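With mmCIF, C-alpha atoms inside, this is query-v2.cif:
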```cif
data_work
#
loop_
_atom_site.group_PDB
_atom_site.id
_atom_site.type_symbol
_atom_site.label_atom_id
_atom_site.label_comp_id
_atom_site.auth_asym_id
_atom_site.auth_seq_id
_atom_site.Cartn_x
_atom_site.Cartn_y
_atom_site.Cartn_z
ATOM 1 C CA MET A 149 -60.832 -24.626 36.532
ATOM 2 C CA HIS A 150 -63.108 -22.029 38.105
ATOM 3 C CA ASP A 151 -63.706 -22.057 41.849
ATOM 4 C CA ASP A 152 -67.071 -21.573 43.579
ATOM 5 C CA ARG A 153 -66.412 -17.887 44.211
ATOM 6 C CA GLU A 154 -65.915 -17.173 40.499
ATOM 7 C CA ARG A 155 -69.027 -19.167 39.600
ATOM 8 C CA VAL A 156 -71.172 -17.362 42.165
ATOM 9 C CA ALA A 157 -69.733 -14.009 41.054
ATOM 10 C CA ASN A 158 -70.726 -14.827 37.480
ATOM 11 C CA LEU A 159 -74.226 -15.867 38.575
ATOM 12 C CA LEU A 160 -74.527 -12.669 40.596
ATOM 13 C CA GLY A 161 -73.522 -10.601 37.565
ATOM 14 C CA ALA A 162 -76.062 -12.320 35.327
ATOM 15 C CA THR A 163 -78.776 -11.902 37.967
ATOM 16 C CA ALA A 164 -77.942 -8.231 38.424
ATOM 17 C CA LEU A 165 -78.203 -7.602 34.684
ATOM 18 C CA ALA A 166 -81.468 -9.519 34.377
ATOM 19 C CA ILE A 167 -83.004 -7.542 37.229
ATOM 20 C CA THR A 168 -81.651 -4.083 36.442
ATOM 21 C CA ASP A 169 -81.683 -3.987 32.632
ATOM 22 C CA ASP A 170 -85.090 -2.328 32.619
ATOM 23 C CA PRO A 171 -86.377 -1.695 36.162
ATOM 24 C CA LEU A 172 -87.915 1.663 35.280
ATOM 25 C CA GLY A 173 -87.657 1.581 31.493
ATOM 26 C CA ALA A 174 -91.305 1.071 30.568
ATOM 27 C CA PRO A 175 -92.842 3.441 33.142
ATOM 28 C CA ALA A 176 -90.116 6.048 32.535
ATOM 29 C CA ALA A 177 -90.710 5.860 28.779
ATOM 30 C CA ALA A 178 -94.450 6.166 29.328
ATOM 31 C CA SER A 179 -93.763 9.352 31.283
ATOM 32 C CA ARG A 180 -91.272 10.505 28.598
ATOM 33 C CA LEU A 181 -88.503 10.550 31.205
ATOM 34 C CA SER A 182 -84.854 9.607 30.927
ATOM 35 C CA MET A 183 -83.562 7.191 33.553
ATOM 36 C CA SER A 184 -81.727 10.083 35.252
ATOM 37 C CA ALA A 185 -84.905 12.170 35.365
ATOM 38 C CA ALA A 186 -86.894 9.222 36.746
ATOM 39 C CA ALA A 187 -84.248 8.701 39.440
ATOM 40 C CA ALA A 188 -84.281 12.432 40.207
ATOM 41 C CA LEU A 189 -88.041 12.373 40.847
ATOM 42 C CA ILE A 190 -87.626 9.423 43.197
ATOM 43 C CA VAL A 191 -84.802 11.225 45.035
ATOM 44 C CA LEU A 192 -86.920 14.389 45.352
ATOM 45 C CA ARG A 193 -89.904 12.425 46.623
ATOM 46 C CA ALA A 194 -87.776 11.251 49.563
ATOM 47 C CA ASP A 195 -85.714 14.426 49.979
ATOM 48 C CA PRO A 196 -87.384 17.530 48.499
ATOM 49 C CA GLY A 197 -85.453 20.782 48.404
ATOM 50 C CA VAL A 198 -81.956 19.602 47.480
ATOM 51 C CA SER A 199 -79.937 21.823 45.164
ATOM 52 C CA VAL A 200 -79.566 21.132 41.451
ATOM 53 C CA THR A 201 -75.893 20.278 42.001
ATOM 54 C CA GLU A 202 -76.680 17.816 44.801
ATOM 55 C CA LEU A 203 -79.480 16.252 42.785
ATOM 56 C CA GLY A 204 -77.064 15.777 39.890
ATOM 57 C CA ARG A 205 -74.511 14.156 42.188
ATOM 58 C CA ARG A 206 -77.080 11.683 43.460
ATOM 59 C CA VAL A 207 -78.178 10.609 39.985
ATOM 60 C CA GLY A 208 -74.691 10.685 38.442
ATOM 61 C CA LEU A 209 -74.841 13.832 36.309
ATOM 62 C CA THR A 210 -72.490 16.773 35.901
ATOM 63 C CA GLN A 211 -73.733 20.133 37.145
ATOM 64 C CA SER A 212 -74.525 21.374 33.636
ATOM 65 C CA ALA A 213 -76.359 18.142 32.742
ATOM 66 C CA ALA A 214 -78.304 18.364 36.011
ATOM 67 C CA VAL A 215 -79.395 21.924 35.153
ATOM 68 C CA ARG A 216 -80.684 20.739 31.772
ATOM 69 C CA MET A 217 -82.487 17.801 33.392
ATOM 70 C CA VAL A 218 -84.188 20.044 35.974
ATOM 71 C CA ASP A 219 -85.124 22.511 33.234
ATOM 72 C CA GLY A 220 -86.826 19.658 31.374
ATOM 73 C CA LEU A 221 -88.621 18.437 34.498
ATOM 74 C CA GLU A 222 -89.809 21.984 35.139
ATOM 75 C CA ARG A 223 -91.185 22.271 31.601
ATOM 76 C CA GLU A 224 -93.201 19.096 32.266
ATOM 77 C CA ALA A 225 -94.487 20.607 35.554
ATOM 78 C CA LEU A 226 -92.893 17.771 37.539
ATOM 79 C CA VAL A 227 -90.586 19.950 39.668
ATOM 80 C CA GLU A 228 -90.217 23.564 40.690
ATOM 81 C CA ARG A 229 -87.271 25.592 41.906
ATOM 82 C CA ARG A 230 -87.836 27.504 45.148
ATOM 83 C CA ARG A 231 -85.496 30.223 46.348
ATOM 84 C CA THR A 232 -85.026 30.204 50.096
ATOM 85 C CA VAL A 233 -82.360 31.967 52.181
ATOM 86 C CA GLY A 234 -79.856 34.034 50.216
ATOM 87 C CA ASN A 235 -79.013 32.506 46.866
ATOM 88 C CA TRP A 236 -79.984 28.963 47.893
ATOM 89 C CA THR A 237 -82.470 27.384 45.521
ATOM 90 C CA GLY A 238 -83.976 23.996 46.210
ATOM 91 C CA VAL A 239 -85.700 21.672 43.770
ATOM 92 C CA HIS A 240 -89.111 20.384 44.879
ATOM 93 C CA PRO A 241 -91.469 17.909 43.204
ATOM 94 C CA THR A 242 -94.879 19.229 42.269
ATOM 95 C CA GLY A 243 -98.006 17.182 42.982
ATOM 96 C CA LYS A 244 -97.679 15.712 39.490
ATOM 97 C CA GLY A 245 -94.009 14.964 40.167
ATOM 98 C CA ARG A 246 -94.809 13.155 43.429
ATOM 99 C CA ARG A 247 -97.500 11.086 41.724
ATOM 100 C CA THR A 248 -95.126 10.190 38.883
ATOM 101 C CA ALA A 249 -92.415 9.194 41.345
ATOM 102 C CA GLY A 250 -94.935 7.032 43.198
ATOM 103 C CA GLN A 251 -95.919 5.303 39.955
ATOM 104 C CA LEU A 252 -92.262 4.684 39.085
ATOM 105 C CA LEU A 253 -91.579 3.195 42.517
ATOM 106 C CA ALA A 254 -94.696 1.014 42.370
ATOM 107 C CA SER A 255 -93.649 -0.356 38.986
ATOM 108 C CA ARG A 256 -90.099 -1.031 40.197
ATOM 109 C CA THR A 257 -91.362 -2.738 43.355
ATOM 110 C CA SER A 258 -93.779 -4.914 41.388
ATOM 111 C CA ARG A 259 -90.995 -6.029 39.036
ATOM 112 C CA LEU A 260 -88.555 -6.791 41.851
ATOM 113 C CA THR A 261 -91.044 -8.618 44.083
ATOM 114 C CA GLY A 262 -91.945 -10.715 41.036
ATOM 115 C CA VAL A 263 -88.302 -11.823 40.871
ATOM 116 C CA LEU A 264 -88.722 -13.284 44.371
ATOM 117 C CA ASP A 265 -91.832 -15.322 43.509
ATOM 118 C CA GLY A 266 -89.800 -18.495 43.032
ATOM 119 C CA LEU A 267 -88.429 -18.350 46.589
ATOM 120 C CA GLY A 268 -90.038 -19.459 49.829
ATOM 121 C CA ASP A 269 -90.394 -17.196 52.868
ATOM 122 C CA THR A 270 -87.277 -18.540 54.571
ATOM 123 C CA GLU A 271 -85.248 -18.155 51.381
ATOM 124 C CA VAL A 272 -86.437 -14.567 51.009
ATOM 125 C CA ARG A 273 -85.361 -13.781 54.602
ATOM 126 C CA ASP A 274 -81.990 -15.465 54.036
ATOM 127 C CA LEU A 275 -81.495 -13.560 50.788
ATOM 128 C CA GLY A 276 -82.370 -10.318 52.584
ATOM 129 C CA ALA A 277 -79.671 -10.953 55.188
ATOM 130 C CA LEU A 278 -77.097 -11.744 52.490
ATOM 131 C CA LEU A 279 -78.018 -8.668 50.450
ATOM 132 C CA ALA A 280 -77.717 -6.460 53.551
ATOM 133 C CA LYS A 281 -74.215 -7.853 54.101
ATOM 134 C CA LEU A 282 -73.253 -7.231 50.466
ATOM 135 C CA LEU A 283 -74.638 -3.694 50.573
ATOM 136 C CA ASP A 284 -72.646 -2.995 53.721
ATOM 137 C CA GLY A 285 -69.428 -3.838 51.883
ATOM 138 C CA LEU A 286 -70.427 -1.994 48.721
ATOM 139 C CA CYS A 287 -71.360 1.166 50.593
ATOM 140 C CA GLN A 288 -68.069 1.327 52.450
ATOM 141 C CA GLY A 289 -66.295 0.843 49.151
ATOM 142 C CA SER A 290 -68.279 3.412 47.186
ATOM 143 C CA GLY A 291 -68.692 6.078 49.838
ATOM 144 C CA SER A 292 -71.968 7.229 48.283
ATOM 145 C CA ALA A 293 -75.071 6.011 50.082
ATOM 146 C CA ASP A 294 -77.250 8.611 48.365
ATOM 147 C CA ARG A 295 -76.248 7.386 44.911
ATOM 148 C CA MET A 296 -76.728 3.723 45.867
ATOM 149 C CA CYS A 297 -80.217 4.441 47.198
ATOM 150 C CA ARG A 298 -81.380 6.793 44.432
ATOM 151 C CA LEU A 299 -84.094 4.348 43.292
ATOM 152 C CA CYS A 300 -85.013 2.975 46.709
ATOM 153 C CA ASP A 301 -88.432 3.049 48.266
ATOM 154 C CA ARG A 302 -87.241 4.294 51.663
ATOM 155 C CA ALA A 303 -90.398 3.197 53.478
ATOM 156 C CA ALA A 304 -90.106 -0.368 52.151
ATOM 157 C CA CYS A 305 -86.393 -0.608 52.957
ATOM 158 C CA ALA A 306 -86.691 0.153 56.653
ATOM 159 C CA PRO A 307 -90.162 -0.822 57.954
ATOM 160 C CA ASP A 308 -91.065 -0.924 61.649
ATOM 161 C CA GLY A 309 -87.727 0.353 62.917
ATOM 162 C CA VAL A 310 -85.590 -1.974 60.777
ATOM 163 C CA GLU A 311 -82.409 -0.108 59.906
ATOM 164 C CA CYS A 312 -81.476 0.519 56.281
ATOM 165 C CA PRO A 313 -78.250 -1.460 55.704
ATOM 166 C CA VAL A 314 -76.812 1.210 53.417
ATOM 167 C CA GLY A 315 -77.558 3.981 55.912
ATOM 168 C CA ALA A 316 -76.015 1.910 58.720
ATOM 169 C CA ALA A 317 -72.886 1.207 56.650
ATOM 170 C CA ASP A 318 -72.607 4.878 55.687
ATOM 171 C CA ARG A 319 -72.811 5.973 59.327
ATOM 172 C CA ALA A 320 -70.211 3.381 60.330
ATOM 173 C CA ALA A 321 -67.852 4.583 57.580
ATOM 174 C CA THR A 322 -68.424 8.189 58.658
ATOM 175 C CA ARG A 323 -67.624 7.346 62.284
ATOM 176 C CA ALA A 324 -64.461 5.521 61.193
ATOM 177 C CA ALA A 325 -63.385 8.488 59.051
ATOM 178 C CA ALA A 326 -64.128 10.884 61.915
ATOM 179 C CA GLY A 327 -61.803 8.851 64.118
ATOM 180 C CA SER A 328 -58.831 9.764 61.925
ATOM 181 C CA PRO A 329 -57.475 13.340 62.168
ATOM 182 C CA ALA A 330 -57.729 13.958 58.404
ATOM 183 C CA GLY A 331 -61.255 12.646 58.105
ATOM 184 C CA SER A 332 -62.950 14.161 61.168
ATOM 185 C CA ALA A 333 -64.347 17.358 59.630
ATOM 186 C CA ALA A 334 -65.388 15.837 56.308
ATOM 187 C CA GLY A 335 -66.735 12.740 58.018
ATOM 188 C CA SER A 336 -68.925 14.784 60.325
ATOM 189 C CA ALA A 337 -70.490 16.715 57.461
ATOM 190 C CA ALA A 338 -71.097 13.566 55.441
ATOM 191 C CA GLY A 339 -72.589 11.853 58.470
ATOM 192 C CA ASP A 340 -75.058 14.670 59.071
ATOM 193 C CA GLU A 341 -76.328 14.349 55.496
ATOM 194 C CA ALA A 342 -76.486 10.556 55.690
ATOM 195 C CA ARG A 343 -78.491 10.676 58.896
ATOM 196 C CA THR A 344 -81.031 12.913 57.205
ATOM 197 C CA ASP A 345 -81.420 10.623 54.220
ATOM 198 C CA HIS A 346 -81.028 7.053 55.443
ATOM 199 C CA GLY A 347 -83.120 5.799 58.379
#
```

Before anything else, please render the file you have as structure tokens.
Amino acid sequence: MHDDRERVANLLGATALAITDDPLGAPAAASRLSMSAAAALIVLRADPGVSVTELGRRVGLTQSAAVRMVDGLEREALVERRRTVGNWTGVHPTGKGRRTAGQLLASRTSRLTGVLDGLGDTEVRDLGALLAKLLDGLCQGSGSADRMCRLCDRAACAPDGVECPVGAADRAATRAAAGSPAGSAAGSAAGDEARTDHG
């Protein structure tokens, strides 16, 4: 006999699949983009100038795959590489790339807000609080706020001074790691990056 926790876990899994099976599929296909490339444009819209390697890490690609993806985005005039100090090269979205990222985010937001249409205002607020709590636990377990938030609309996530739950969890994990002798140096570096990226 299954308990309530197993039932809710199963419902959560089915809901997650129903919501995420194709959040960017149609608009990405219309733009002739892979899901990784679509995610990369959204990342660059929020954080232009990251390296190819860092961009690959955030969208879950190896360094060589990230190079090929950026090459493809450059051919489509969606991004450009800019050399800055020394050998550092950052990837920046072009105007076309920013517009495409905006269209992808708008499509994703429309799809996800449509999922909430069957809920009342109080239920939406309650669900928001529960999701923030779940994200807090998931972030501390995954250790990768940037990857979790690669498709997020940062402005929608933290309006009017509301703190992003993933950014808050990442900072808390960084502070905890910095408290231990082995984690202090790495935790500080990770925290600096998280503060830049997550409200």

Find the nearest atom pair between each residue of region 256-337 of chain A and region 194-215 of chain A for residues within 9 Å, count all atoms listed in the file, give distances in Å to one decimal, sort rows by chain and ascending number, and present the table as JSON lines.
```
{"residue": "A:Ser292", "atom": "CA", "partner": "A:Arg206", "partner_atom": "CA", "distance": 8.3}
{"residue": "A:Ala293", "atom": "CA", "partner": "A:Arg206", "partner_atom": "CA", "distance": 8.9}
{"residue": "A:Asp294", "atom": "CA", "partner": "A:Arg206", "partner_atom": "CA", "distance": 5.8}
{"residue": "A:Arg295", "atom": "CA", "partner": "A:Arg206", "partner_atom": "CA", "distance": 4.6}
{"residue": "A:Met296", "atom": "CA", "partner": "A:Arg206", "partner_atom": "CA", "distance": 8.3}
{"residue": "A:Cys297", "atom": "CA", "partner": "A:Arg206", "partner_atom": "CA", "distance": 8.7}
{"residue": "A:Arg298", "atom": "CA", "partner": "A:Arg206", "partner_atom": "CA", "distance": 6.6}
{"residue": "A:Asp301", "atom": "CA", "partner": "A:Ala194", "partner_atom": "CA", "distance": 8.3}
{"residue": "A:Arg302", "atom": "CA", "partner": "A:Ala194", "partner_atom": "CA", "distance": 7.3}
```

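Rounded to one decimal, CA of Ala186 (chain A) and CA of Arg223 (chain A) lie 14.7 Å from each other.
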
State, in Å with one decimal place, the distance from CA of Leu253 (chain A) to CA of Asn158 (chain A). 28.0 Å

Could you tell me how far CA of Ser258 (chain A) lies from CA of Ile190 (chain A), in Å and to one decimal? 15.7 Å

Could you check which residues have any atom within 7 Å of (-92.0, 13.8, 35.8), counting all atoms listed in the file with coordinates taken straight from the file, and then list them as a ChimeraX atom specification? /A:179,181,186,189,221,224,226,245,248

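Proximity of A:Val263, A:Ala326, A:Leu252, A:Leu160 to Leu279 (chain A), computed with all atoms listed in the file, is greatest for A:Leu160.
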
I'd like to know which of A:Gly285, A:Pro241, A:Gly266, A:Gly309 is closest to Arg229 (chain A), using only C-alpha atoms.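 Closest residue, counting only C-alpha atoms: A:Pro241.
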
Add whatever atoms are absent from region 243-254 of chain A to reach all heavy atoms, and provide the output as a PDB file, in the frame of the given file.
```pdb
ATOM      1  N   GLY A 243     -97.080  18.293  42.747  1.00  0.00           N
ATOM      2  CA  GLY A 243     -98.006  17.182  42.982  1.00  0.00           C
ATOM      3  C   GLY A 243     -97.910  16.149  41.873  1.00  0.00           C
ATOM      4  O   GLY A 243     -97.881  14.940  42.128  1.00  0.00           O
ATOM      5  N   LYS A 244     -97.828  16.624  40.631  1.00  0.00           N
ATOM      6  CA  LYS A 244     -97.679  15.712  39.490  1.00  0.00           C
ATOM      7  C   LYS A 244     -96.361  14.940  39.587  1.00  0.00           C
ATOM      8  O   LYS A 244     -96.312  13.733  39.286  1.00  0.00           O
ATOM      9  CB  LYS A 244     -97.729  16.522  38.189  1.00  0.00           C
ATOM     10  CG  LYS A 244     -97.569  15.696  36.932  1.00  0.00           C
ATOM     11  CD  LYS A 244     -97.572  16.590  35.685  1.00  0.00           C
ATOM     12  CE  LYS A 244     -97.305  15.789  34.418  1.00  0.00           C
ATOM     13  NZ  LYS A 244     -97.228  16.672  33.224  1.00  0.00           N
ATOM     14  N   GLY A 245     -95.305  15.620  40.028  1.00  0.00           N
ATOM     15  CA  GLY A 245     -94.009  14.964  40.167  1.00  0.00           C
ATOM     16  C   GLY A 245     -94.028  13.884  41.238  1.00  0.00           C
ATOM     17  O   GLY A 245     -93.470  12.799  41.056  1.00  0.00           O
ATOM     18  N   ARG A 246     -94.697  14.165  42.364  1.00  0.00           N
ATOM     19  CA  ARG A 246     -94.809  13.155  43.429  1.00  0.00           C
ATOM     20  C   ARG A 246     -95.606  11.943  42.960  1.00  0.00           C
ATOM     21  O   ARG A 246     -95.260  10.806  43.253  1.00  0.00           O
ATOM     22  CB  ARG A 246     -95.427  13.768  44.691  1.00  0.00           C
ATOM     23  CG  ARG A 246     -94.457  14.640  45.488  1.00  0.00           C
ATOM     24  CD  ARG A 246     -95.044  15.029  46.843  1.00  0.00           C
ATOM     25  NE  ARG A 246     -96.230  15.857  46.687  1.00  0.00           N
ATOM     26  CZ  ARG A 246     -96.220  17.172  46.503  1.00  0.00           C
ATOM     27  NH1 ARG A 246     -95.070  17.810  46.447  1.00  0.00           N
ATOM     28  NH2 ARG A 246     -97.347  17.847  46.387  1.00  0.00           N
ATOM     29  N   ARG A 247     -96.688  12.204  42.236  1.00  0.00           N
ATOM     30  CA  ARG A 247     -97.500  11.086  41.724  1.00  0.00           C
ATOM     31  C   ARG A 247     -96.696  10.241  40.732  1.00  0.00           C
ATOM     32  O   ARG A 247     -96.747   9.010  40.757  1.00  0.00           O
ATOM     33  CB  ARG A 247     -98.779  11.606  41.060  1.00  0.00           C
ATOM     34  CG  ARG A 247     -99.814  12.120  42.041  1.00  0.00           C
ATOM     35  CD  ARG A 247    -101.144  12.398  41.367  1.00  0.00           C
ATOM     36  NE  ARG A 247    -101.056  13.412  40.325  1.00  0.00           N
ATOM     37  CZ  ARG A 247    -101.115  14.727  40.538  1.00  0.00           C
ATOM     38  NH1 ARG A 247    -101.242  15.186  41.776  1.00  0.00           N
ATOM     39  NH2 ARG A 247    -101.039  15.569  39.523  1.00  0.00           N
ATOM     40  N   THR A 248     -95.953  10.912  39.861  1.00  0.00           N
ATOM     41  CA  THR A 248     -95.126  10.190  38.883  1.00  0.00           C
ATOM     42  C   THR A 248     -94.070   9.362  39.580  1.00  0.00           C
ATOM     43  O   THR A 248     -93.839   8.198  39.226  1.00  0.00           O
ATOM     44  CB  THR A 248     -94.481  11.180  37.888  1.00  0.00           C
ATOM     45  OG1 THR A 248     -95.520  11.913  37.233  1.00  0.00           O
ATOM     46  CG2 THR A 248     -93.639  10.449  36.861  1.00  0.00           C
ATOM     47  N   ALA A 249     -93.427   9.941  40.586  1.00  0.00           N
ATOM     48  CA  ALA A 249     -92.415   9.194  41.345  1.00  0.00           C
ATOM     49  C   ALA A 249     -93.043   7.982  42.019  1.00  0.00           C
ATOM     50  O   ALA A 249     -92.455   6.894  42.041  1.00  0.00           O
ATOM     51  CB  ALA A 249     -91.750  10.103  42.379  1.00  0.00           C
ATOM     52  N   GLY A 250     -94.242   8.160  42.567  1.00  0.00           N
ATOM     53  CA  GLY A 250     -94.935   7.032  43.198  1.00  0.00           C
ATOM     54  C   GLY A 250     -95.237   5.924  42.208  1.00  0.00           C
ATOM     55  O   GLY A 250     -95.086   4.737  42.516  1.00  0.00           O
ATOM     56  N   GLN A 251     -95.653   6.307  40.996  1.00  0.00           N
ATOM     57  CA  GLN A 251     -95.919   5.303  39.955  1.00  0.00           C
ATOM     58  C   GLN A 251     -94.644   4.573  39.550  1.00  0.00           C
ATOM     59  O   GLN A 251     -94.652   3.350  39.339  1.00  0.00           O
ATOM     60  CB  GLN A 251     -96.556   5.982  38.743  1.00  0.00           C
ATOM     61  CG  GLN A 251     -97.965   6.484  39.001  1.00  0.00           C
ATOM     62  CD  GLN A 251     -98.431   7.492  37.964  1.00  0.00           C
ATOM     63  OE1 GLN A 251     -97.698   7.855  37.049  1.00  0.00           O
ATOM     64  NE2 GLN A 251     -99.665   7.966  38.117  1.00  0.00           N
ATOM     65  N   LEU A 252     -93.541   5.309  39.437  1.00  0.00           N
ATOM     66  CA  LEU A 252     -92.262   4.684  39.085  1.00  0.00           C
ATOM     67  C   LEU A 252     -91.822   3.695  40.153  1.00  0.00           C
ATOM     68  O   LEU A 252     -91.387   2.578  39.848  1.00  0.00           O
ATOM     69  CB  LEU A 252     -91.188   5.764  38.895  1.00  0.00           C
ATOM     70  CG  LEU A 252     -91.350   6.670  37.676  1.00  0.00           C
ATOM     71  CD1 LEU A 252     -90.453   7.892  37.790  1.00  0.00           C
ATOM     72  CD2 LEU A 252     -91.059   5.905  36.398  1.00  0.00           C
ATOM     73  N   LEU A 253     -91.952   4.093  41.424  1.00  0.00           N
ATOM     74  CA  LEU A 253     -91.579   3.195  42.517  1.00  0.00           C
ATOM     75  C   LEU A 253     -92.469   1.964  42.561  1.00  0.00           C
ATOM     76  O   LEU A 253     -91.994   0.854  42.793  1.00  0.00           O
ATOM     77  CB  LEU A 253     -91.639   3.933  43.860  1.00  0.00           C
ATOM     78  CG  LEU A 253     -90.443   4.797  44.217  1.00  0.00           C
ATOM     79  CD1 LEU A 253     -90.722   5.571  45.502  1.00  0.00           C
ATOM     80  CD2 LEU A 253     -89.181   3.954  44.359  1.00  0.00           C
ATOM     81  N   ALA A 254     -93.770   2.157  42.345  1.00  0.00           N
ATOM     82  CA  ALA A 254     -94.696   1.014  42.370  1.00  0.00           C
ATOM     83  C   ALA A 254     -94.349   0.019  41.270  1.00  0.00           C
ATOM     84  O   ALA A 254     -94.366  -1.203  41.486  1.00  0.00           O
ATOM     85  CB  ALA A 254     -96.136   1.501  42.228  1.00  0.00           C
TER      86      ALA A 254
END
```
